[in-house]
file coords_26.txt (compact mmCIF, C-alpha atoms)
# COMPACT_ATOMS: atom_id res chain seq x y z
CA MET A 27 34.82 -49.54 19.25
CA SER A 28 36.02 -47.47 22.22
CA ALA A 29 37.89 -50.53 23.54
CA THR A 30 39.49 -51.13 20.14
CA LEU A 31 40.53 -47.48 19.91
CA ALA A 32 41.98 -47.64 23.42
CA GLU A 33 44.14 -50.59 22.33
CA LEU A 34 45.47 -48.31 19.57
CA GLY A 35 46.16 -45.54 22.07
CA VAL A 36 43.15 -43.38 21.22
CA TYR A 37 41.05 -42.25 24.17
CA PRO A 38 38.35 -39.96 22.75
CA TYR A 39 37.25 -38.63 26.15
CA ASP A 40 40.74 -37.82 27.40
CA PRO A 41 42.49 -35.18 25.23
CA ALA A 42 45.73 -35.68 27.16
CA ARG A 43 45.88 -39.26 25.89
CA LEU A 44 45.18 -38.58 22.21
CA PRO A 45 47.93 -39.19 19.67
CA ASP A 46 49.82 -36.06 18.65
CA ALA A 47 48.60 -33.89 15.78
CA LYS A 48 51.07 -35.37 13.29
CA VAL A 49 49.77 -38.92 13.90
CA LEU A 50 46.16 -37.74 13.67
CA ASP A 51 46.92 -35.92 10.38
CA GLN A 52 48.54 -39.08 9.00
CA ALA A 53 45.50 -41.10 10.04
CA LYS A 54 43.19 -38.61 8.32
CA GLU A 55 45.22 -38.70 5.09
CA GLU A 56 45.28 -42.51 5.13
CA GLY A 57 41.52 -42.60 5.74
CA LEU A 58 40.87 -40.27 2.81
CA ARG A 59 43.16 -42.39 0.62
CA LEU A 60 41.25 -45.54 1.58
CA ILE A 61 37.91 -43.89 0.84
CA ALA A 62 39.12 -42.58 -2.55
CA ASN A 63 40.33 -46.06 -3.50
CA HIS A 64 37.31 -47.92 -2.15
CA LYS A 65 35.70 -50.00 -4.84
CA GLY A 66 32.05 -49.05 -4.90
CA PRO A 67 29.66 -50.68 -7.33
CA ALA A 68 30.43 -50.46 -11.04
CA PRO A 69 28.72 -47.44 -12.62
CA ILE A 70 25.48 -48.08 -14.49
CA ASN A 71 25.24 -45.94 -17.65
CA GLY A 72 27.55 -43.42 -15.99
CA TRP A 73 25.58 -43.33 -12.72
CA THR A 74 27.06 -44.12 -9.34
CA PHE A 75 24.31 -46.29 -7.93
CA VAL A 76 24.81 -47.84 -4.50
CA LYS A 77 21.86 -50.23 -4.10
CA THR A 78 23.05 -52.30 -1.16
CA ASP A 79 25.16 -51.92 1.97
CA ILE A 80 23.87 -48.45 2.80
CA GLY A 81 22.13 -47.13 5.88
CA SER A 82 23.10 -50.12 8.07
CA TYR A 83 26.83 -50.78 8.09
CA GLY A 84 27.64 -52.81 11.17
CA THR A 85 31.41 -52.59 11.48
CA ASP A 86 32.06 -51.87 7.80
CA TYR A 87 33.49 -48.41 8.54
CA LEU A 88 35.08 -48.03 5.11
CA GLN A 89 31.71 -48.53 3.38
CA ARG A 90 30.11 -46.08 5.84
CA ALA A 91 32.81 -43.49 5.09
CA TYR A 92 32.53 -44.09 1.32
CA VAL A 93 28.76 -43.52 1.35
CA ALA A 94 29.15 -40.49 3.65
CA MET A 95 31.40 -38.84 1.03
CA PHE A 96 28.38 -38.74 -1.31
CA GLY A 97 25.47 -38.33 1.08
CA LEU A 98 25.56 -38.13 4.81
CA ALA A 99 22.99 -40.19 6.70
CA ALA A 100 21.91 -42.42 3.81
CA HIS A 101 18.64 -44.26 4.17
CA LEU A 102 18.20 -48.01 3.99
CA PRO A 103 17.91 -49.12 0.34
CA GLU A 104 14.28 -50.12 0.79
CA ASP A 105 13.51 -46.54 1.90
CA ALA A 106 15.49 -44.49 -0.61
CA LEU A 107 18.17 -44.77 -3.29
CA TYR A 108 20.32 -41.95 -4.67
CA PRO A 109 21.97 -42.63 -8.04
CA SER A 110 24.14 -39.74 -9.24
CA THR A 111 25.95 -38.73 -12.41
CA GLY A 112 27.44 -35.59 -13.88
CA GLY A 113 30.11 -34.10 -16.05
CA PRO A 114 31.49 -30.84 -17.41
CA SER A 115 29.03 -28.03 -18.09
CA THR A 116 31.12 -26.61 -20.95
CA ASP A 117 33.36 -27.97 -23.69
CA SER A 118 37.08 -27.15 -24.02
CA ALA A 119 36.22 -23.87 -25.78
CA GLY A 120 33.90 -22.80 -22.94
CA LYS A 121 30.71 -23.40 -24.94
CA PRO A 122 27.79 -24.74 -22.82
CA ILE A 123 27.07 -28.44 -23.31
CA PRO A 124 23.36 -29.32 -23.49
CA TYR A 125 22.44 -32.69 -22.00
CA THR A 126 19.45 -34.97 -22.37
CA LEU A 127 18.10 -37.59 -20.01
CA THR A 128 15.38 -39.79 -21.44
CA PHE A 129 13.16 -42.06 -19.42
CA PRO A 130 11.50 -44.17 -22.14
CA ALA A 131 7.81 -45.00 -21.95
CA GLY A 132 7.18 -47.41 -19.10
CA GLN A 133 10.60 -46.75 -17.54
CA LEU A 134 9.95 -43.76 -15.31
CA PRO A 135 11.62 -44.20 -11.93
CA PRO A 136 9.98 -47.20 -10.22
CA VAL A 137 8.86 -45.91 -6.83
CA ASP A 138 5.95 -46.36 -4.48
CA ALA A 139 6.32 -42.82 -3.08
CA PHE A 140 7.98 -40.18 -5.28
CA TRP A 141 11.17 -39.35 -7.16
CA SER A 142 13.10 -36.20 -7.96
CA LEU A 143 16.12 -35.14 -9.99
CA THR A 144 18.32 -32.28 -8.72
CA ALA A 145 21.43 -30.63 -10.21
CA TYR A 146 24.36 -29.38 -8.15
CA ASP A 147 27.43 -27.32 -8.94
CA ALA A 148 31.03 -28.44 -8.34
CA ASP A 149 30.75 -27.43 -4.68
CA SER A 150 27.54 -29.48 -4.18
CA PHE A 151 25.27 -26.42 -4.03
CA LEU A 152 21.98 -26.02 -5.91
CA VAL A 153 22.48 -24.32 -9.26
CA ALA A 154 21.36 -20.69 -9.10
CA ASN A 155 19.15 -19.82 -12.06
CA ALA A 156 16.64 -17.13 -13.06
CA ALA A 157 13.81 -19.64 -13.58
CA GLU A 158 14.28 -20.93 -10.01
CA VAL A 159 14.07 -24.52 -11.21
CA TYR A 160 15.98 -26.69 -8.74
CA ALA A 161 14.42 -30.10 -9.28
CA VAL A 162 12.07 -32.06 -11.49
CA GLY A 163 10.37 -35.29 -10.63
CA HIS A 164 7.18 -37.21 -10.25
CA PHE A 165 5.32 -33.92 -10.61
CA THR A 166 6.79 -33.40 -14.14
CA ALA A 167 4.24 -34.43 -16.73
CA PRO A 168 5.44 -37.00 -19.28
CA ALA A 169 5.10 -36.36 -22.99
CA PRO A 170 1.44 -37.04 -23.82
CA GLU A 171 2.10 -38.94 -27.06
CA ASP A 172 3.94 -41.93 -25.59
CA ASP A 173 4.22 -41.55 -21.80
CA SER A 174 7.97 -40.91 -21.98
CA LEU A 175 9.87 -38.15 -20.25
CA ASP A 176 12.57 -36.48 -22.33
CA LYS A 177 13.65 -32.92 -21.71
CA THR A 178 16.70 -31.02 -22.93
CA ASN A 179 18.01 -28.14 -20.81
CA TRP A 180 15.02 -28.40 -18.52
CA LEU A 181 17.08 -28.63 -15.34
CA PRO A 182 19.65 -25.82 -15.25
CA ILE A 183 23.27 -26.83 -14.75
CA PRO A 184 26.17 -24.48 -13.94
CA THR A 185 27.50 -22.22 -16.66
CA SER A 186 31.05 -23.37 -15.93
CA GLY A 187 32.86 -26.16 -14.15
CA LYS A 188 31.55 -29.59 -13.34
CA PHE A 189 28.12 -30.55 -12.12
CA THR A 190 26.37 -33.54 -10.62
CA ILE A 191 22.81 -34.72 -10.83
CA THR A 192 21.21 -36.81 -8.11
CA LEU A 193 18.13 -38.92 -8.74
CA ARG A 194 16.26 -39.56 -5.49
CA LEU A 195 14.01 -42.59 -5.36
CA TYR A 196 11.75 -42.77 -2.30
CA ALA A 197 10.18 -46.15 -1.48
CA PRO A 198 11.90 -47.59 -4.57
CA GLN A 199 10.52 -50.73 -6.15
CA THR A 200 13.93 -52.39 -5.97
CA ASP A 201 12.71 -55.57 -7.66
CA ALA A 202 11.41 -53.53 -10.61
CA ILE A 203 14.68 -51.68 -11.29
CA PRO A 204 16.25 -53.14 -14.45
CA ALA A 205 19.98 -53.98 -14.28
CA ASP A 206 20.72 -51.35 -16.95
CA TRP A 207 18.75 -48.52 -15.30
CA PRO A 208 18.89 -45.51 -14.95
CA PRO A 209 19.32 -44.38 -18.52
CA ALA A 210 22.47 -42.45 -19.43
CA LEU A 211 22.74 -38.68 -19.27
CA THR A 212 23.86 -37.88 -22.81
CA ARG A 213 25.17 -34.82 -24.62
CA ALA A 214 22.46 -33.40 -26.86
CA GLU A 215 23.50 -32.83 -30.46

call {"tool": "encode", "arguments": {"input": "coords_26.txt", "output": "structure tokens"}}
result
Amino acid sequence: MSATLAELGVYPYDPARLPDAKVLDQAKEEGLRLIANHKGPAPINGWTFVKTDIGSYGTDYLQRAYVAMFGLAAHLPEDALYPSTGGPSTDSAGKPIPYTLTFPAGQLPPVDAFWSLTAYDADSFLVANAAEVYAVGHFTAPAPEDDSLDKTNWLPIPTSGKFTITLRLYAPQTDAIPADWPPALTRAE
């Protein structure tokens, strides 16, 4: 890569030979535009779910940059997967929107290690809350009557603005993940 950059006039170890600030700013803007327009996988039930081409990129720098926008230093897909979804925390009148995520019986996250679900605010910080609940996961007991997991307002989201939820799957059973999984995060009525 250093040789290729040198052909373009970029010498990272020689500041005197770097392009001027205007050219570097243009390169940054173009890079951000390319990342924003990169076609990742089609969402699954509203979740961004990159299952392949993560953690080992070779020379696919655009894919590396795209993944880095969502989670720096992503693991190989056989080690961990990170589907994410989100939305507004309030309606147009400012009223909080309750959401539900249901993992039907027999469809809890398929992992050989553990899984967790964490909510973040619009700035990608954990959501401050009085209950100090920041994640749920494999340690959350399913409903005893049918082995499903369905909670409403059990993971606090921000009181305003947008939020995201990341589902972390460690040692995922990739062959056991249905094509239409994970289930959708839905507005509770």

call {"tool": "residues_around", "arguments": {"input": "coords_26.txt", "residues": "range 102-118 of chain A", "least_positions_apart": "4", "cutoff": "7 Å", "atoms": "all atoms listed in the file", "output": "MDAnalysis selection string"}}
result
chainID A and resid 72:78 80:82 122:123 183:198

call {"tool": "atom_distance", "arguments": {"input": "coords_26.txt", "atom1": "CA of Ala156 in chain A", "atom2": "CA of Pro182 in chain A"}}
result
9.5 Å

call {"tool": "residues_around", "arguments": {"input": "coords_26.txt", "residues": "range 210-213 of chain A", "least_positions_apart": "2", "cutoff": "7 Å", "atoms": "only C-alpha atoms", "output": "list in words"}}
result
Asn71, Gly72, Ile123, Pro124, Tyr125, Thr126, Leu127, Pro208 and Glu215 of chain A

call {"tool": "atom_distance", "arguments": {"input": "coords_26.txt", "atom1": "CA of Asp138 in chain A", "atom2": "CA of Ile203 in chain A"}}
result
12.3 Å

call {"tool": "atom_distance", "arguments": {"input": "coords_26.txt", "atom1": "CA of Asp51 in chain A", "atom2": "CA of Asp147 in chain A"}}
result
28.8 Å

call {"tool": "residues_near_point", "arguments": {"input": "coords_26.txt", "point": "(15.5, -29.1, -16.7)", "cutoff": "12 Å", "atoms": "all atoms listed in the file", "output": "VMD selection string"}}
result
chain A and resid 124 to 128 142 to 145 153 155 157 to 163 166 175 to 184 191

call {"tool": "write_last_selection", "arguments": {"input": "coords_26.txt", "atoms": "C-alpha atoms", "output": "tab-separated table (two decimals), keeping the file's coordinate frame"}}
result
chain	number	residue	atom	x	y	z
A	124	PRO	CA	23.36	-29.32	-23.49
A	125	TYR	CA	22.44	-32.69	-22.00
A	126	THR	CA	19.45	-34.97	-22.37
A	127	LEU	CA	18.10	-37.59	-20.01
A	128	THR	CA	15.38	-39.79	-21.44
A	142	SER	CA	13.10	-36.20	-7.96
A	143	LEU	CA	16.12	-35.14	-9.99
A	144	THR	CA	18.32	-32.28	-8.72
A	145	ALA	CA	21.43	-30.63	-10.21
A	153	VAL	CA	22.48	-24.32	-9.26
A	155	ASN	CA	19.15	-19.82	-12.06
A	157	ALA	CA	13.81	-19.64	-13.58
A	158	GLU	CA	14.28	-20.93	-10.01
A	159	VAL	CA	14.07	-24.52	-11.21
A	160	TYR	CA	15.98	-26.69	-8.74
A	161	ALA	CA	14.42	-30.10	-9.28
A	162	VAL	CA	12.07	-32.06	-11.49
A	163	GLY	CA	10.37	-35.29	-10.63
A	166	THR	CA	6.79	-33.40	-14.14
A	175	LEU	CA	9.87	-38.15	-20.25
A	176	ASP	CA	12.57	-36.48	-22.33
A	177	LYS	CA	13.65	-32.92	-21.71
A	178	THR	CA	16.70	-31.02	-22.93
A	179	ASN	CA	18.01	-28.14	-20.81
A	180	TRP	CA	15.02	-28.40	-18.52
A	181	LEU	CA	17.08	-28.63	-15.34
A	182	PRO	CA	19.65	-25.82	-15.25
A	183	ILE	CA	23.27	-26.83	-14.75
A	184	PRO	CA	26.17	-24.48	-13.94
A	191	ILE	CA	22.81	-34.72	-10.83

call {"tool": "closest_residue", "arguments": {"input": "coords_26.txt", "among": "A:Ala29, A:Met95, A:Ala205, A:Leu134", "to": "Ile70 in chain A", "atoms": "all atoms listed in the file"}}
result
A:Ala205

call {"tool": "closest_residue", "arguments": {"input": "coords_26.txt", "among": "A:Ala91, A:Gly84, A:Pro209, A:Lys54", "to": "Met27 in chain A", "atoms": "all atoms listed in the file"}}
result
A:Gly84

call {"tool": "decode", "arguments": {"input": "coords_26.txt", "residues": "range 104-139 of chain A", "atoms": "N, CA and C atoms", "output": "JSON list (two decimals), in the first residue's frame"}}
result
[["chain", "number", "residue", "atom", "x", "y", "z"],
["A", 104, "GLU", "N", -17.26, -15.86, 12.17],
["A", 104, "GLU", "CA", -17.40, -17.09, 12.97],
["A", 104, "GLU", "C", -17.16, -16.84, 14.46],
["A", 105, "ASP", "N", -16.57, -15.68, 14.79],
["A", 105, "ASP", "CA", -16.33, -15.33, 16.19],
["A", 105, "ASP", "C", -17.45, -14.48, 16.78],
["A", 106, "ALA", "N", -17.94, -13.52, 16.01],
["A", 106, "ALA", "CA", -18.99, -12.63, 16.53],
["A", 106, "ALA", "C", -19.69, -11.92, 15.38],
["A", 107, "LEU", "N", -20.99, -11.67, 15.56],
["A", 107, "LEU", "CA", -21.79, -10.90, 14.62],
["A", 107, "LEU", "C", -22.52, -9.82, 15.42],
["A", 108, "TYR", "N", -22.79, -8.68, 14.75],
["A", 108, "TYR", "CA", -23.35, -7.53, 15.43],
["A", 108, "TYR", "C", -24.50, -6.89, 14.66],
["A", 109, "PRO", "N", -25.65, -7.54, 14.55],
["A", 109, "PRO", "CA", -26.78, -6.88, 13.90],
["A", 109, "PRO", "C", -27.21, -5.66, 14.72],
["A", 110, "SER", "N", -27.67, -4.61, 14.02],
["A", 110, "SER", "CA", -28.15, -3.42, 14.73],
["A", 110, "SER", "C", -29.39, -2.86, 14.05],
["A", 111, "THR", "N", -30.21, -2.20, 14.86],
["A", 111, "THR", "CA", -31.43, -1.56, 14.39],
["A", 111, "THR", "C", -31.68, -0.35, 15.28],
["A", 112, "GLY", "N", -32.73, 0.36, 15.03],
["A", 112, "GLY", "CA", -33.04, 1.51, 15.87],
["A", 112, "GLY", "C", -34.17, 2.32, 15.29],
["A", 113, "GLY", "N", -34.32, 3.53, 15.81],
["A", 113, "GLY", "CA", -35.38, 4.40, 15.33],
["A", 113, "GLY", "C", -35.53, 5.59, 16.24],
["A", 114, "PRO", "N", -36.64, 6.31, 16.09],
["A", 114, "PRO", "CA", -36.89, 7.47, 16.96],
["A", 114, "PRO", "C", -37.40, 7.01, 18.33],
["A", 115, "SER", "N", -37.03, 7.73, 19.38],
["A", 115, "SER", "CA", -37.51, 7.35, 20.70],
["A", 115, "SER", "C", -38.84, 8.02, 21.06],
["A", 116, "THR", "N", -39.24, 9.04, 20.26],
["A", 116, "THR", "CA", -40.51, 9.71, 20.50],
["A", 116, "THR", "C", -41.24, 9.92, 19.17],
["A", 117, "ASP", "N", -42.56, 10.12, 19.27],
["A", 117, "ASP", "CA", -43.32, 10.41, 18.05],
["A", 117, "ASP", "C", -43.23, 11.90, 17.74],
["A", 118, "SER", "N", -43.94, 12.36, 16.72],
["A", 118, "SER", "CA", -43.85, 13.76, 16.30],
["A", 118, "SER", "C", -44.35, 14.74, 17.36],
["A", 119, "ALA", "N", -45.16, 14.26, 18.30],
["A", 119, "ALA", "CA", -45.65, 15.11, 19.39],
["A", 119, "ALA", "C", -44.74, 15.05, 20.62],
["A", 120, "GLY", "N", -43.65, 14.28, 20.54],
["A", 120, "GLY", "CA", -42.73, 14.17, 21.66],
["A", 120, "GLY", "C", -43.09, 13.11, 22.67],
["A", 121, "LYS", "N", -44.12, 12.31, 22.37],
["A", 121, "LYS", "CA", -44.55, 11.23, 23.27],
["A", 121, "LYS", "C", -43.62, 10.02, 23.09],
["A", 122, "PRO", "N", -43.13, 9.42, 24.20],
["A", 122, "PRO", "CA", -42.26, 8.26, 24.08],
["A", 122, "PRO", "C", -42.92, 7.12, 23.31],
["A", 123, "ILE", "N", -42.13, 6.45, 22.49],
["A", 123, "ILE", "CA", -42.61, 5.31, 21.72],
["A", 123, "ILE", "C", -42.12, 4.04, 22.40],
["A", 124, "PRO", "N", -43.03, 3.18, 22.87],
["A", 124, "PRO", "CA", -42.59, 1.89, 23.42],
["A", 124, "PRO", "C", -42.34, 0.90, 22.28],
["A", 125, "TYR", "N", -41.32, 0.11, 22.42],
["A", 125, "TYR", "CA", -40.98, -0.89, 21.41],
["A", 125, "TYR", "C", -40.98, -2.27, 22.03],
["A", 126, "THR", "N", -41.19, -3.27, 21.17],
["A", 126, "THR", "CA", -41.14, -4.66, 21.58],
["A", 126, "THR", "C", -40.24, -5.43, 20.63],
["A", 127, "LEU", "N", -39.46, -6.31, 21.19],
["A", 127, "LEU", "CA", -38.65, -7.24, 20.41],
["A", 127, "LEU", "C", -38.98, -8.63, 20.93],
["A", 128, "THR", "N", -39.48, -9.48, 20.06],
["A", 128, "THR", "CA", -39.90, -10.81, 20.48],
["A", 128, "THR", "C", -39.04, -11.87, 19.81],
["A", 129, "PHE", "N", -38.40, -12.67, 20.62],
["A", 129, "PHE", "CA", -37.72, -13.87, 20.13],
["A", 129, "PHE", "C", -38.67, -15.03, 20.42],
["A", 130, "PRO", "N", -39.35, -15.54, 19.39],
["A", 130, "PRO", "CA", -40.30, -16.63, 19.62],
["A", 130, "PRO", "C", -39.62, -17.87, 20.21],
["A", 131, "ALA", "N", -40.43, -18.74, 20.77],
["A", 131, "ALA", "CA", -39.91, -19.98, 21.34],
["A", 131, "ALA", "C", -39.04, -20.69, 20.31],
["A", 132, "GLY", "N", -37.89, -21.14, 20.75],
["A", 132, "GLY", "CA", -36.97, -21.85, 19.86],
["A", 132, "GLY", "C", -36.16, -20.96, 18.95],
["A", 133, "GLN", "N", -36.33, -19.63, 19.04],
["A", 133, "GLN", "CA", -35.60, -18.72, 18.15],
["A", 133, "GLN", "C", -34.77, -17.70, 18.92],
["A", 134, "LEU", "N", -34.34, -18.06, 20.14],
["A", 134, "LEU", "CA", -33.41, -17.19, 20.84],
["A", 134, "LEU", "C", -32.13, -17.13, 20.01],
["A", 135, "PRO", "N", -31.32, -16.13, 20.19],
["A", 135, "PRO", "CA", -30.10, -16.01, 19.38],
["A", 135, "PRO", "C", -29.27, -17.29, 19.39],
["A", 136, "PRO", "N", -28.99, -17.83, 18.20],
["A", 136, "PRO", "CA", -28.25, -19.10, 18.11],
["A", 136, "PRO", "C", -26.74, -18.89, 18.27],
["A", 137, "VAL", "N", -26.26, -19.14, 19.48],
["A", 137, "VAL", "CA", -24.84, -18.95, 19.77],
["A", 137, "VAL", "C", -24.29, -20.13, 20.56],
["A", 138, "ASP", "N", -23.00, -20.33, 20.45],
["A", 138, "ASP", "CA", -22.33, -21.34, 21.27],
["A", 138, "ASP", "C", -21.71, -20.72, 22.51],
["A", 139, "ALA", "N", -21.61, -19.39, 22.56],
["A", 139, "ALA", "CA", -21.04, -18.71, 23.72],
["A", 139, "ALA", "C", -22.16, -17.94, 24.41]]
